[in-house]
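Peer 1: start-v7.txt is reproduced below (compact mmCIF, C-alpha atoms).
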```txt
# COMPACT_ATOMS: atom_id res chain seq x y z
CA MET A 227 103.57 130.22 104.14
CA GLU A 228 102.20 128.62 101.00
CA LYS A 229 105.69 127.29 100.27
CA ALA A 230 105.76 125.29 103.50
CA ALA A 231 102.67 123.41 102.38
CA GLU A 232 104.16 122.57 98.98
CA VAL A 233 106.97 120.48 100.45
CA ILE A 234 104.59 118.04 102.16
CA PRO A 235 104.25 115.03 99.84
CA GLU A 236 100.82 113.56 99.19
CA VAL A 237 99.57 110.04 98.63
CA VAL A 238 96.83 109.26 96.11
CA LEU A 239 94.32 107.11 98.00
CA ASN A 240 92.41 104.28 96.31
CA SER A 241 89.44 106.71 96.16
CA GLY A 242 91.44 108.89 93.77
CA HIS A 243 91.74 111.72 96.31
CA LYS A 244 95.10 113.04 97.53
CA MET A 245 96.04 113.12 101.22
CA PRO A 246 99.04 114.96 102.73
CA LEU A 247 101.53 112.49 104.22
CA ILE A 248 101.56 114.07 107.66
CA GLY A 249 98.59 115.16 109.75
CA LEU A 250 98.05 117.20 112.89
CA GLY A 251 96.19 115.21 115.54
CA THR A 252 93.77 116.91 117.93
CA ALA A 253 93.08 114.18 120.49
CA GLY A 254 93.71 115.26 124.04
CA PHE A 255 92.02 114.47 127.32
CA PRO A 256 91.38 117.09 128.52
CA VAL A 257 91.23 119.16 125.33
CA PRO A 258 94.22 121.53 125.37
CA PRO A 259 93.34 125.18 126.04
CA ASN A 260 93.69 127.59 123.08
CA LEU A 261 93.38 124.64 120.67
CA ILE A 262 91.93 126.87 117.92
CA SER A 263 94.98 129.14 117.90
CA HIS A 264 97.33 126.13 117.96
CA ILE A 265 95.61 124.66 114.88
CA VAL A 266 95.80 128.05 113.11
CA GLU A 267 99.54 128.11 113.95
CA ALA A 268 99.92 124.61 112.51
CA ILE A 269 98.26 125.70 109.27
CA GLU A 270 100.55 128.73 109.22
CA VAL A 271 103.70 126.58 109.45
CA GLY A 272 102.45 124.28 106.70
CA TYR A 273 100.14 121.52 107.98
CA ARG A 274 97.36 120.76 105.53
CA HIS A 275 95.84 117.65 107.14
CA ILE A 276 93.92 118.02 110.40
CA ASP A 277 92.75 114.86 112.18
CA THR A 278 89.82 114.93 114.61
CA ALA A 279 87.05 112.59 115.83
CA SER A 280 83.64 112.78 117.42
CA ILE A 281 84.96 111.37 120.72
CA TYR A 282 87.79 113.94 120.94
CA GLY A 283 85.40 116.87 121.39
CA THR A 284 87.60 118.96 119.09
CA GLU A 285 85.55 119.12 115.87
CA GLU A 286 84.21 122.61 116.63
CA SER A 287 87.74 123.90 117.33
CA VAL A 288 89.00 122.42 114.06
CA GLY A 289 86.18 124.06 112.11
CA GLN A 290 86.78 127.45 113.76
CA ALA A 291 90.52 127.21 113.12
CA ILE A 292 89.92 126.50 109.41
CA ALA A 293 87.55 129.49 109.24
CA GLN A 294 90.21 131.70 110.86
CA ALA A 295 92.93 130.40 108.53
CA LEU A 296 90.73 131.32 105.57
CA GLU A 297 90.08 134.79 106.99
CA LYS A 298 93.81 135.35 107.52
CA GLY A 299 94.63 134.18 104.01
CA LEU A 300 96.76 131.28 105.28
CA ILE A 301 94.78 129.06 102.91
CA LYS A 302 92.88 130.14 99.81
CA SER A 303 89.93 127.77 100.06
CA ARG A 304 88.41 124.92 102.07
CA SER A 305 89.89 122.46 99.58
CA ASP A 306 93.42 123.45 100.69
CA VAL A 307 92.92 121.55 103.96
CA PHE A 308 92.35 117.80 104.29
CA VAL A 309 90.06 117.04 107.25
CA THR A 310 89.68 113.59 108.81
CA SER A 311 87.04 112.74 111.40
CA LYS A 312 85.84 109.48 112.89
CA LEU A 313 82.60 107.70 113.73
CA TRP A 314 82.44 106.92 117.45
CA CYS A 315 81.38 103.47 118.64
CA ILE A 316 77.93 104.51 119.94
CA ASP A 317 77.04 105.36 116.31
CA ALA A 318 78.54 102.22 114.71
CA ASP A 319 75.15 101.10 113.40
CA HIS A 320 73.59 101.22 109.93
CA ASP A 321 70.94 103.77 110.90
CA LEU A 322 73.18 106.00 113.01
CA VAL A 323 76.18 106.60 110.73
CA LEU A 324 74.67 109.26 108.46
CA PRO A 325 73.15 111.29 111.33
CA ALA A 326 76.52 111.08 113.16
CA LEU A 327 78.41 112.40 110.12
CA LYS A 328 75.85 115.20 109.68
CA GLU A 329 76.41 116.18 113.32
CA THR A 330 80.19 116.13 112.76
CA LEU A 331 79.81 118.38 109.70
CA LYS A 332 77.61 120.76 111.68
CA LYS A 333 80.28 121.02 114.40
CA LEU A 334 83.03 121.49 111.81
CA GLY A 335 80.96 124.03 109.86
CA LEU A 336 81.88 122.15 106.66
CA ASP A 337 79.96 120.62 103.76
CA TYR A 338 82.12 117.49 103.68
CA VAL A 339 85.05 115.74 105.34
CA ASP A 340 87.92 114.50 103.22
CA LEU A 341 88.14 111.24 105.16
CA TYR A 342 85.66 109.58 107.51
CA LEU A 343 86.83 106.57 109.53
CA VAL A 344 85.10 103.90 111.61
CA HIS A 345 87.03 104.64 114.82
CA TRP A 346 87.07 101.07 116.23
CA PRO A 347 85.50 97.74 115.18
CA VAL A 348 83.29 98.13 118.24
CA LYS A 349 79.64 98.96 118.97
CA LEU A 350 78.71 100.65 122.25
CA LYS A 351 75.26 101.27 123.72
CA GLN A 352 73.78 104.71 123.14
CA GLY A 353 74.75 106.93 126.04
CA ALA A 354 77.83 104.86 126.95
CA GLY A 355 80.52 106.96 128.60
CA PHE A 356 84.27 106.87 128.05
CA PRO A 357 85.76 104.57 129.09
CA PRO A 358 82.67 102.37 128.64
CA GLN A 359 81.27 99.93 131.17
CA LYS A 360 81.65 96.25 130.25
CA GLU A 361 77.89 95.90 129.79
CA ASP A 362 77.93 98.77 127.24
CA ILE A 363 79.88 96.69 124.68
CA LEU A 364 77.56 95.21 122.05
CA GLN A 365 77.90 93.08 118.91
CA PHE A 366 79.45 95.11 116.06
CA ASP A 367 77.54 94.97 112.75
CA MET A 368 80.44 95.57 110.39
CA LYS A 369 78.42 95.05 107.20
CA GLY A 370 75.57 97.39 108.13
CA THR A 371 77.94 100.04 109.42
CA TRP A 372 80.09 99.92 106.29
CA GLU A 373 77.06 100.10 103.97
CA ALA A 374 76.10 103.35 105.72
CA MET A 375 79.69 104.63 105.39
CA GLU A 376 79.49 103.95 101.65
CA GLU A 377 76.25 105.94 101.50
CA CYS A 378 78.04 108.90 103.12
CA CYS A 379 80.63 108.64 100.36
CA ARG A 380 78.03 108.45 97.58
CA LEU A 381 76.26 111.52 99.00
CA GLY A 382 79.54 113.46 98.82
CA LEU A 383 79.59 114.07 102.58
CA ALA A 384 82.85 112.12 102.86
CA LYS A 385 85.27 112.18 99.92
CA SER A 386 87.00 109.02 101.16
CA ILE A 387 86.06 106.47 103.80
CA GLY A 388 88.14 104.10 105.87
CA VAL A 389 88.67 102.43 109.21
CA SER A 390 90.84 102.70 112.28
CA ASN A 391 92.24 99.98 114.56
CA PHE A 392 91.26 97.11 112.23
CA SER A 393 93.33 93.91 112.10
CA CYS A 394 94.21 92.08 108.86
CA LYS A 395 91.43 89.58 109.58
CA LYS A 396 88.80 92.29 110.11
CA LEU A 397 89.92 94.09 106.95
CA SER A 398 89.65 90.79 105.03
CA GLN A 399 86.11 90.36 106.34
CA LEU A 400 85.22 93.94 105.34
CA LEU A 401 86.61 93.47 101.84
CA THR A 402 84.31 90.49 101.22
CA PHE A 403 81.27 92.79 101.01
CA ALA A 404 82.60 96.34 100.53
CA THR A 405 81.60 97.95 97.23
CA ILE A 406 83.83 100.92 98.16
CA PRO A 407 87.03 99.58 99.76
CA PRO A 408 88.48 101.40 102.76
CA ALA A 409 90.99 104.03 101.62
CA VAL A 410 92.84 104.17 104.95
CA ASN A 411 93.41 102.09 108.07
CA GLN A 412 94.61 104.39 110.86
CA VAL A 413 96.44 102.37 113.50
CA GLU A 414 99.00 102.66 116.27
CA MET A 415 102.37 102.54 114.51
CA ASN A 416 105.92 103.59 115.38
CA PRO A 417 109.38 101.96 115.59
CA THR A 418 108.36 100.11 118.78
CA TRP A 419 105.12 98.81 117.17
CA GLN A 420 105.99 98.45 113.50
CA GLN A 421 102.86 96.69 112.20
CA ARG A 422 104.83 94.67 109.63
CA LYS A 423 102.11 92.10 108.91
CA LEU A 424 99.35 94.72 108.69
CA LYS A 425 101.48 97.01 106.53
CA GLU A 426 102.18 94.20 104.06
CA PHE A 427 98.50 93.21 103.94
CA CYS A 428 97.35 96.81 103.38
CA ASN A 429 99.96 97.33 100.65
CA GLU A 430 98.61 94.27 98.82
CA LYS A 431 95.03 95.54 99.10
CA GLY A 432 95.77 99.18 98.19
CA ILE A 433 94.82 100.50 101.65
CA HIS A 434 96.95 103.36 102.99
CA VAL A 435 98.21 102.96 106.57
CA SER A 436 98.12 106.09 108.71
CA ALA A 437 99.96 106.09 112.04
CA TRP A 438 98.56 107.37 115.30
CA SER A 439 100.80 107.48 118.37
CA PRO A 440 103.93 107.92 116.18
CA LEU A 441 105.99 108.89 119.26
CA ALA A 442 104.34 106.30 121.56
CA ALA A 443 102.10 109.06 122.97
CA TYR A 444 105.09 110.51 124.84
CA GLY A 445 104.01 113.03 127.48
CA THR A 446 100.38 111.85 127.68
CA TYR A 447 98.74 110.14 130.65
CA TRP A 448 98.81 106.74 128.96
CA GLY A 449 101.93 107.07 126.80
CA SER A 450 105.46 105.76 127.30
CA THR A 451 109.09 106.75 126.80
CA SER A 452 109.67 103.74 124.52
CA ILE A 453 110.44 106.00 121.54
CA MET A 454 111.96 109.11 123.10
CA GLU A 455 114.38 107.14 125.28
CA ASN A 456 115.16 104.35 122.83
CA PRO A 457 118.95 103.89 122.58
CA ILE A 458 118.88 102.78 118.91
CA LEU A 459 116.80 105.80 117.87
CA LYS A 460 119.00 108.08 120.02
CA ASP A 461 122.15 106.85 118.26
CA ILE A 462 120.64 107.29 114.79
CA ALA A 463 119.36 110.78 115.70
CA MET A 464 122.82 111.76 116.92
CA ALA A 465 124.50 110.44 113.77
CA LYS A 466 122.05 112.21 111.45
CA GLY A 467 121.80 115.47 113.37
CA LYS A 468 118.04 114.97 113.83
CA THR A 469 115.76 114.81 116.84
CA ILE A 470 114.47 111.43 118.06
CA ALA A 471 110.97 112.59 117.08
CA GLN A 472 112.15 113.27 113.52
CA ILE A 473 113.75 109.81 113.36
CA SER A 474 110.50 108.12 114.41
CA LEU A 475 108.33 110.21 112.06
CA GLY A 476 110.83 109.83 109.22
CA TRP A 477 110.81 106.05 109.67
CA ILE A 478 106.98 106.02 109.37
CA TYR A 479 107.10 108.21 106.26
CA GLN A 480 109.75 105.99 104.65
CA GLN A 481 107.46 102.98 105.22
CA GLY A 482 105.00 104.76 102.90
CA SER A 483 102.71 105.61 105.82
CA SER A 484 101.54 108.96 107.18
CA PRO A 485 102.16 109.97 110.82
CA ILE A 486 99.49 111.86 112.77
CA VAL A 487 101.53 114.11 115.05
CA LYS A 488 100.39 116.03 118.08
CA SER A 489 102.06 119.16 119.33
CA ILE A 490 100.98 122.58 120.50
CA ASN A 491 104.56 123.88 120.46
CA LYS A 492 105.28 125.86 117.29
CA ASP A 493 108.97 124.89 117.09
CA ARG A 494 108.13 121.21 117.46
CA MET A 495 105.35 121.59 114.89
CA LYS A 496 107.96 122.92 112.45
CA GLY A 497 110.48 120.23 113.38
CA ASN A 498 107.93 117.49 112.77
CA LEU A 499 107.56 118.67 109.16
CA GLN A 500 111.30 118.32 108.49
CA ILE A 501 111.22 114.62 107.65
CA PHE A 502 110.85 114.59 103.88
CA ASP A 503 114.26 115.58 102.46
CA TRP A 504 116.54 112.89 103.88
CA GLU A 505 116.67 109.10 104.06
CA PHE A 506 117.88 106.31 106.28
CA THR A 507 120.74 104.05 105.26
CA GLN A 508 119.98 100.35 104.95
CA GLU A 509 122.08 99.79 108.08
CA GLU A 510 119.93 102.27 110.03
CA MET A 511 116.72 100.62 108.79
CA ASP A 512 118.10 97.22 109.84
CA LYS A 513 118.87 98.55 113.33
CA ILE A 514 115.33 99.97 113.69
CA SER A 515 113.88 96.63 112.58
CA GLN A 516 115.61 94.98 115.56
CA ILE A 517 113.84 97.16 118.17
CA PRO A 518 111.73 94.97 120.54
CA GLN A 519 108.01 95.27 119.73
CA LYS A 520 105.26 96.13 122.18
CA LYS A 521 101.82 97.62 121.54
CA GLY A 522 101.30 100.75 123.64
CA SER A 523 97.51 101.01 123.63
CA PRO A 524 95.94 97.55 123.36
CA GLY A 525 92.32 98.66 123.83
CA GLU A 526 91.50 96.66 126.98
CA ILE A 527 88.44 98.88 127.50
CA PHE A 528 86.71 97.02 124.65
CA VAL A 529 87.27 93.57 126.13
CA SER A 530 84.33 92.12 128.07
CA PRO A 531 83.37 88.60 129.25
CA ASN A 532 79.91 89.03 127.66
CA GLY A 533 80.90 91.15 124.66
CA PRO A 534 82.11 90.09 121.20
CA TYR A 535 85.78 90.37 122.29
CA LYS A 536 86.49 88.29 125.38
CA SER A 537 90.25 88.84 125.17
CA LEU A 538 92.77 91.15 123.51
CA GLU A 539 93.64 88.25 121.17
CA GLU A 540 90.05 88.30 119.91
CA LEU A 541 90.01 92.10 119.52
CA TRP A 542 93.22 92.00 117.45
CA ASP A 543 92.76 88.49 115.96
CA GLY A 544 96.05 87.43 117.49
CA GLU A 545 97.95 90.32 115.86
CA ILE A 546 99.34 91.61 119.16
```
Give the structure from the file, written as structure tokens.

Peer 2:
Amino acid sequence: MEKAAEVIPEVVLNSGHKMPLIGLGTAGFPVPPNLISHIVEAIEVGYRHIDTASIYGTEESVGQAIAQALEKGLIKSRSDVFVTSKLWCIDADHDLVLPALKETLKKLGLDYVDLYLVHWPVKLKQGAGFPPQKEDILQFDMKGTWEAMEECCRLGLAKSIGVSNFSCKKLSQLLTFATIPPAVNQVEMNPTWQQRKLKEFCNEKGIHVSAWSPLAAYGTYWGSTSIMENPILKDIAMAKGKTIAQISLGWIYQQGSSPIVKSINKDRMKGNLQIFDWEFTQEEMDKISQIPQKKGSPGEIFVSPNGPYKSLEELWDGEI
């Protein structure tokens, strides 16, 4: 069991902390039943990075699963697991960040998170539901929010801090005043949405790119078959004796990024970890680079005629 964890490579973030290069995601609407036991299973097969968020409603399950894994001896200490959580948009405000993180830690039953992310560059009214109403979308105070994120880091409540769903332009803006730069930008990324411009920008700035929706959210209510039925990926999978999922995840890993995978099936959990001991040929990489690009989850819910983002172009600064 310990051996499985050793084969997962790690990246050293710009904060100096190490992060495993694959994570188990826990987003699901509704939350899957028996989530605690599924997370314990994931730890058993070797996952050491668990990704959650305030809006997912899974923080308590993650905390209980870690406690069970410790009891069972699957991990020796809290520090054996890397935990990411995220600040939801209703708390994206200078005075609300620290209380939100304290609430997250209470739900997790932990003293700190390894990584705390600003979930979206969006501010919602207190009490806004999901999806929000158009009138719930307010002006986002990036500077004030980030200053409070830095305070969480200085207090030791978050070992590393970062963002999610930020464009190059928004990252540039953040870097003009950040005294602690974001360690990670977690974004939608897979062979059908390759994020070339963002990846290059983040590489230059020393920001690690983590990939949500690495299989185009296949099997979810909003996902697509763009990865799992892609003829180019199918051909490469056949030639390499891999699954299409492994091809997509392996491509993300070989970009130097870390996929956040989601599965409650133990065999698929194991299969998703088998991406580190083989490589693509240049010809295969060239074929993948020719796949037509389309963003799967553009975030229309945050576009409003009276809000800060009046179009998807404004939300993504044209990077769509």

Peer 1: Can you build me a table of region 376-487 of chain A residues sitting at most 10 Å from region 271-283 of chain A, with the closest atom pair per residue and its distance in Å to one decimal, using all atoms listed in the file, sorted by chain and residue number, as a Markdown table?

Peer 2:
```
| residue | atom | partner | partner_atom | distance |
| --- | --- | --- | --- | --- |
| A:Trp438 | CA | A:Asp277 | CA | 10.0 |
| A:Ile486 | CA | A:Asp277 | CA | 7.4 |
| A:Val487 | CA | A:Asp277 | CA | 9.3 |
```

Peer 1: Using Å and a single decimal, report how far CA of Ile316 (chain A) sits from CA of Gly353 (chain A).

Peer 2: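 Going from CA of Gly353 (chain A) over to CA of Ile316 (chain A) covers 7.3 Å.
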
Peer 1: Considering all atoms listed in the file, can you say which of A:Cys315, A:Ile265, A:Ile301, A:Asn391 comes closest to Ala354 (chain A)?

Peer 2: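 The shortest atom-to-atom distance to Ala354 (chain A) comes from A:Cys315.
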
Peer 1: Looking at only C-alpha atoms, which of A:Lys521, A:Lys492, A:Lys349, A:Lys312 is the one that sits closest to Glu270 (chain A)?

Peer 2: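 Checking each candidate against Glu270 (chain A), we get A:Lys492 as the closest.
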
Peer 1: Report, in Å to a single decimal, how far apart CA of Val435 (chain A) and CA of Gly482 (chain A) are.

Peer 2: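 Between these atoms lies a distance of 7.9 Å.
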
Peer 1: For a test of reading the model, state the distance in Å between CA of Gly467 (chain A) and CA of Phe502 (chain A), rounded to one decimal.

Peer 2: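 Computing the Euclidean distance for CA of Gly467 (chain A) and CA of Phe502 (chain A) yields 14.5 Å.
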
Peer 1: Restricting the calculation to only C-alpha atoms, which member of A:Gln516, A:Ile527, A:Thr418, A:Gln472 is positioned closest to Lys496 (chain A)?

Peer 2: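 For Lys496 (chain A), the nearest of the given residues is A:Gln472.
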
Peer 1: Rank A:Arg380, A:Lys385, A:Lys360, A:Lys333 by their smallest atom-to-atom distance to Phe308 (chain A), using only C-alpha atoms, and report the top residue only.

Peer 2: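 Comparing A:Arg380, A:Lys385, A:Lys360, A:Lys333 against Phe308 (chain A), the winner is A:Lys385.
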
Peer 1: Give the answer as one residue: which of A:Leu397, A:Ile406, A:Cys428, A:Met415 has the shortest atom-to-atom distance to Asp543 (chain A), using only C-alpha atoms?

Peer 2: A:Leu397

Peer 1: Restricting the calculation to only C-alpha atoms, which member of A:Lys460, A:Lys513, A:Lys369, A:Arg494 is positioned closest to Glu267 (chain A)?

Peer 2: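 Using only C-alpha atoms, the shortest distance to Glu267 (chain A) belongs to A:Arg494.
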
Peer 1: Which residues come within 12 Å of Ile473 (chain A), counting only C-alpha atoms, excluding same-chain residues fewer than 2 positions away, as a PyMOL selection string?

Peer 2: chain A and resi 416-417+440-441+453-454+456+458-471+475-480+485+497-502+504-506+510-511+514

Peer 1: Neighbours of Gly525 (chain A) within 10 Å (all atoms listed in the file; same-chain residues fewer than 5 positions away dropped), as a PDB file with C-alpha atoms, in the frame of the given file?

Peer 2:
```pdb
ATOM      1  CA  TRP A 346      87.070 101.070 116.230  1.00  0.00           C
ATOM      2  CA  ASN A 391      92.240  99.980 114.560  1.00  0.00           C
ATOM      3  CA  LEU A 538      92.770  91.150 123.510  1.00  0.00           C
ATOM      4  CA  LEU A 541      90.010  92.100 119.520  1.00  0.00           C
ATOM      5  CA  TRP A 542      93.220  92.000 117.450  1.00  0.00           C
TER       6      TRP A 542
END
```

Peer 1: With all atoms of region 342-350 of chain A from the file as input, state the centre and edge lengths in Å to one decimal of the axis-aligned box that has 3 Å extra on each side, as AutoDock Vina command-line options.

Peer 2:
```
--center_x 82.9 --center_y 103.7 --center_z 114.9 --size_x 14.4 --size_y 17.8 --size_z 20.7
```
